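Here the structure comes first, spelled out in structure tokens, and everything after it is commentary.
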Amino acid sequence: MRPATRAVHSGRPPHEPDQPLNTPITMAATYVAGGDLEYGRYDNPTWRAFEEALGELEGGRCLSFASGLAAVSTILDLVANGEKVVAPRHAYNGSLGQLADLEARGRITSHLVDIEDTDAVVAACEDASLVWIESPTNPAMELADIPTITKAAHDAGAYVVVDNTFATPVLQQPLEWDVDLVVHSATKFIGGHADLLMGAIVTRDEQLYGVLKGRRDLVGAIPGAFEAWLALRGLRTLPLRMERCQSNAAELVRRLRERPDVTEVRYPGFGGMISIVLPDGGIADLVQHSTRLWVYATSLGGVESTLERRRRWKSEPATIPDGLIRLSVGIEDVEDLWEDLVQALDAGTA
Ligand SMILES: *Cc1c(COP(=O)(O)O)cnc(C)c1O
């Protein structure tokens with residue numbers, strides 16, 4: 001099956017009389033003993049359906065988590081005391097925040113790299129135990145050479161993780177490049193409607209799967225059944241939504257590049273995320289407050305277009321330009337998106 005068909009058909013009850021087409025929401029703290037499920041922190045049929053569907057799209061086994069950051073922390077927890085993690089200097093600020101917190105507490109050391117400087121990343125892999133990749137990076141939109149970095153990391157005996165939140169399995173399947181773990185904030189494109197928080201990890205490594213499942217059982221960073229159901233419902237239209245937001249984004253990029261008041265347009269060539277750089281933070285603030293259709297809000301990946309000046313967050317690295325606005329392109333009509341963006345840019349740069 002091709003991805004668009006998998007997205008629609010996987011994680012469903014069998015095609016048998018009286019079976020519902022959709023996996024029901026199982027609200028259960030516990031199960032009658034003697035079977036596989038036992039207790040609500042260990043397993044849930046609605047999570048299983050979501051995990052089967054996302055696992056099939058990424059090409060591995062999936063575990064769902066309470067949020068993207070719950071999944072991130074479960075992976076970082078695997079790093080032994082005193083060992084080194086290589087990570088992009090521009091990445092989701094919560095992931096960088098967890099690394100900084102672990103380092104401040106003397107748990108690990110971290111080595112931040114320019115993920116586009118493949119030689120520097122390869123050199124940094126040498127004594128690492130985990131290499132964290134985000135590609136495209138949030139919000140700098142840099143791309144990593146995932147196959148080359150993965151090979152260098154494996155030669156050094158390190159595990160490789162790719163945060164695939166921006167690309168989604170529709171546009172990029174890192175496990176195909178031998179990456180060990182894929183992590184997602186399912187809050188974003190997978191859920192797709194800005195109405196849930198969830199995370200996921202996907203792997204082909206049975207041993208890692210078992211260790212991560214054990215950690216989830218122990219720590220309890222599990223999603224609710226309703227969230228898993230909503231995320232699966234969102235996943236059904238993921239390929240369709242990615243197609244639309246990508247074509248909208250590509251058209252907006254073409255037009256934005258013709259505007260002299262936009263200093264820089266960063267677009268990795270695929271997906272629904274764009275970053276634009278305006279001359280300064282003041283102008284960017286004016287623009288983000290001047291849109292009527294685009295919602296000024298953090299987060300991304302929903303059907304509705306949103307925008308945000310990233311440096312409004314104190315935690316955003318100082319190497320991200322003050323005037324950078326991240327655009328999450330939704331599935332609206334591109335002409336409406338463009339008209340609103342034009343009037344907001346005109347208001348900001350008048
Ligand atoms: C949002 C995000 C996360 C964190 O996910 P939550 O679901 O908000 O906890 C991790 N990585 C990336 C790239 C994100 O955009």
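As shown in the structure tokens, the chain order sets the letters A, B, ...; within each chain, residues go from 1, and ligands are also counted from 1 in the order they appear.
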Name all residues at most 7 Å from region 2-15 of chain A (count only C-alpha atoms; drop same-chain ones fewer than 4 positions away) and give them as a PyMOL selection string. chain A and resi 19-23+49-50+52-53+57+170+235-236+239
With 6 Å as the cut-off and only C-alpha atoms and all ligand atoms counted, what is the closest atom pair between each nearby residue of chain A and ligand 1? Distances in Å to one decimal, ordered by chain and number, as CSV.
```
residue,atom,partner,partner_atom_place_in_ligand_line,distance
A:Ser67,CA,ligand 1,7 (O),4.1
A:Gly68,CA,ligand 1,5 (O),3.3
A:Leu69,CA,ligand 1,9 (O),3.8
A:Tyr92,CA,ligand 1,12 (C),4.9
A:Asn138,CA,ligand 1,13 (C),5.8
A:Thr165,CA,ligand 1,13 (C),5.0
A:Ser185,CA,ligand 1,5 (O),4.1
A:Thr187,CA,ligand 1,7 (O),4.8
A:Leu197,CA,ligand 1,7 (O),5.1
A:Met198,CA,ligand 1,7 (O),5.2
A:Gly199,CA,ligand 1,7 (O),5.6
```
Writing out the chosen residues with C-alpha atoms as an mmCIF file, in the first residue's frame:
```cif
data_model
loop_
_atom_site.group_PDB
_atom_site.id
_atom_site.type_symbol
_atom_site.label_atom_id
_atom_site.label_comp_id
_atom_site.auth_asym_id
_atom_site.auth_seq_id
_atom_site.Cartn_x
_atom_site.Cartn_y
_atom_site.Cartn_z
ATOM 1 C CA SER A 67 3.317 15.039 24.368
ATOM 2 C CA GLY A 68 6.249 15.500 22.034
ATOM 3 C CA LEU A 69 8.421 16.561 24.954
ATOM 4 C CA TYR A 92 12.814 22.958 19.058
ATOM 5 C CA ASN A 138 12.732 24.728 13.953
ATOM 6 C CA THR A 165 7.759 16.757 13.284
ATOM 7 C CA SER A 185 5.245 16.014 18.289
ATOM 8 C CA THR A 187 0.473 17.850 18.429
ATOM 9 C CA LEU A 197 -1.123 17.318 22.556
ATOM 10 C CA MET A 198 0.602 14.018 21.890
ATOM 11 C CA GLY A 199 4.007 12.594 21.069
#
```
Contact check, region 172-287 of chain A to region 119-137 of chain A, at most 10 Å, counting only C-alpha atoms, closest pairs as CSV:
```
residue,atom,partner,partner_atom,distance
A:Gln172,CA,A:Ser135,CA,9.5
A:Pro174,CA,A:Ser135,CA,9.9
A:Val179,CA,A:Ile133,CA,9.8
A:Leu181,CA,A:Trp132,CA,9.6
A:Val182,CA,A:Ile133,CA,9.5
A:Val183,CA,A:Glu134,CA,9.6
A:Tyr267,CA,A:Pro136,CA,9.1
A:Pro268,CA,A:Pro136,CA,6.9
A:Gly269,CA,A:Pro136,CA,10.0
A:Phe270,CA,A:Pro136,CA,9.4
A:Gly271,CA,A:Pro136,CA,9.3
A:Met273,CA,A:Pro136,CA,9.1
```
Just the selected residues (C-alpha atoms), exported as a short mmCIF file (atom, residue, chain, number, x, y, z; two decimals), in the first residue's frame, please.
```cif
data_model
loop_
_atom_site.label_atom_id
_atom_site.label_comp_id
_atom_site.auth_asym_id
_atom_site.auth_seq_id
_atom_site.Cartn_x
_atom_site.Cartn_y
_atom_site.Cartn_z
CA GLN A 172 10.52 11.98 4.94
CA PRO A 174 14.28 8.70 8.43
CA VAL A 179 18.23 6.18 11.85
CA LEU A 181 14.62 6.48 16.48
CA VAL A 182 12.11 8.90 14.99
CA VAL A 183 10.39 11.24 17.39
CA TYR A 267 12.04 27.36 2.90
CA PRO A 268 13.63 23.92 2.71
CA GLY A 269 11.86 23.13 -0.57
CA PHE A 270 9.16 20.89 0.95
CA GLY A 271 6.53 20.98 3.69
CA MET A 273 6.68 25.67 7.24
#
```
Quote the spacing between CA of Gly224 (chain A) and CA of Gly40 (chain A) in Å to one decimal place.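 Separation between CA of Gly224 (chain A) and CA of Gly40 (chain A): 9.6 Å.
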Nearest to Gly282 (chain A) by atom-to-atom distance, counting only C-alpha atoms, from A:Arg241, A:Arg266, A:Arg311, A:Arg257: A:Arg311
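Closest approach to Ile108 (chain A) among A:Leu96, A:Ala80, A:Ala297, A:Ile222 is made by A:Ala80 (distances from only C-alpha atoms).
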Which residue of A:Arg233, A:Gly281, A:Asp261, A:Val72 approaches Pro24 (chain A) most closely, using only C-alpha atoms: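 Counting only C-alpha atoms, the residue closest to Pro24 (chain A) is A:Arg233.
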Please determine, counting only C-alpha atoms, which residue among A:Pro223, A:Gly55, A:Pro139, A:Gly234 has the shortest atom-to-atom distance to Arg326 (chain A). A:Pro139
CA of Ile274 (chain A) to CA of Leu327 (chain A), straight-line distance in Å: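 It comes out at 5.1 Å.
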Check the smallest atom-to-atom distance from each of A:Val202, A:Leu37, A:Ala140, A:Leu208 to Asn164 (chain A) using only C-alpha atoms, then report the winner. A:Val202
Using DSSP secondary structure from the backbone, list all strand (DSSP E) positions within region 236-339 of chain A, as a ChimeraX atom specification. /A:264-266,273-277,295-296,306-309,324-328
Determine, counting only C-alpha atoms, which protein, DNA and RNA residues have an atom within 8 Å of an atom of Gly60 (chain A); residues of the same chain fewer than 6 positions away are not included. Present the result as a list of chain:residue names.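 What passes the distance filter is A:Leu175, A:Val202, A:Thr203, A:Arg204.
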Per residue of region 214-289 of chain A within 10 Å of region 338-350 of chain A, which atom pair is closest and at what distance in Å (one decimal), using only C-alpha atoms, listed by chain and increasing number, as CSV?
```
residue,atom,partner,partner_atom,distance
A:Asn248,CA,A:Trp338,CA,9.4
A:Glu251,CA,A:Trp338,CA,9.1
A:Leu252,CA,A:Trp338,CA,6.7
A:Arg255,CA,A:Trp338,CA,8.4
A:Leu256,CA,A:Val342,CA,9.1
A:Arg259,CA,A:Leu345,CA,9.5
A:Asp261,CA,A:Thr349,CA,7.0
A:Val262,CA,A:Leu345,CA,8.5
A:Leu278,CA,A:Thr349,CA,8.9
A:Pro279,CA,A:Thr349,CA,9.0
A:Gly282,CA,A:Gly348,CA,8.5
A:Ile283,CA,A:Gly348,CA,5.2
A:Ala284,CA,A:Gly348,CA,7.0
A:Asp285,CA,A:Gly348,CA,7.9
A:Leu286,CA,A:Gly348,CA,5.0
A:Val287,CA,A:Gly348,CA,4.8
A:Gln288,CA,A:Ala344,CA,7.4
A:His289,CA,A:Ala344,CA,7.9
```
Skipping near chain neighbours, those fewer than 3 positions away, what residues fall within 8 Å of Asn93 (chain A) using only C-alpha atoms, listed as a ChimeraX atom specification? /A:90,96-97,315-316
Identify all residues of region 147-339 of chain A in helix (DSSP H, G or I) (DSSP on the backbone) and supply them as a VMD selection string. chain A and resid 147 to 155 168 to 171 174 to 177 206 to 219 225 to 236 238 to 256 281 to 290 310 to 312 334 to 339
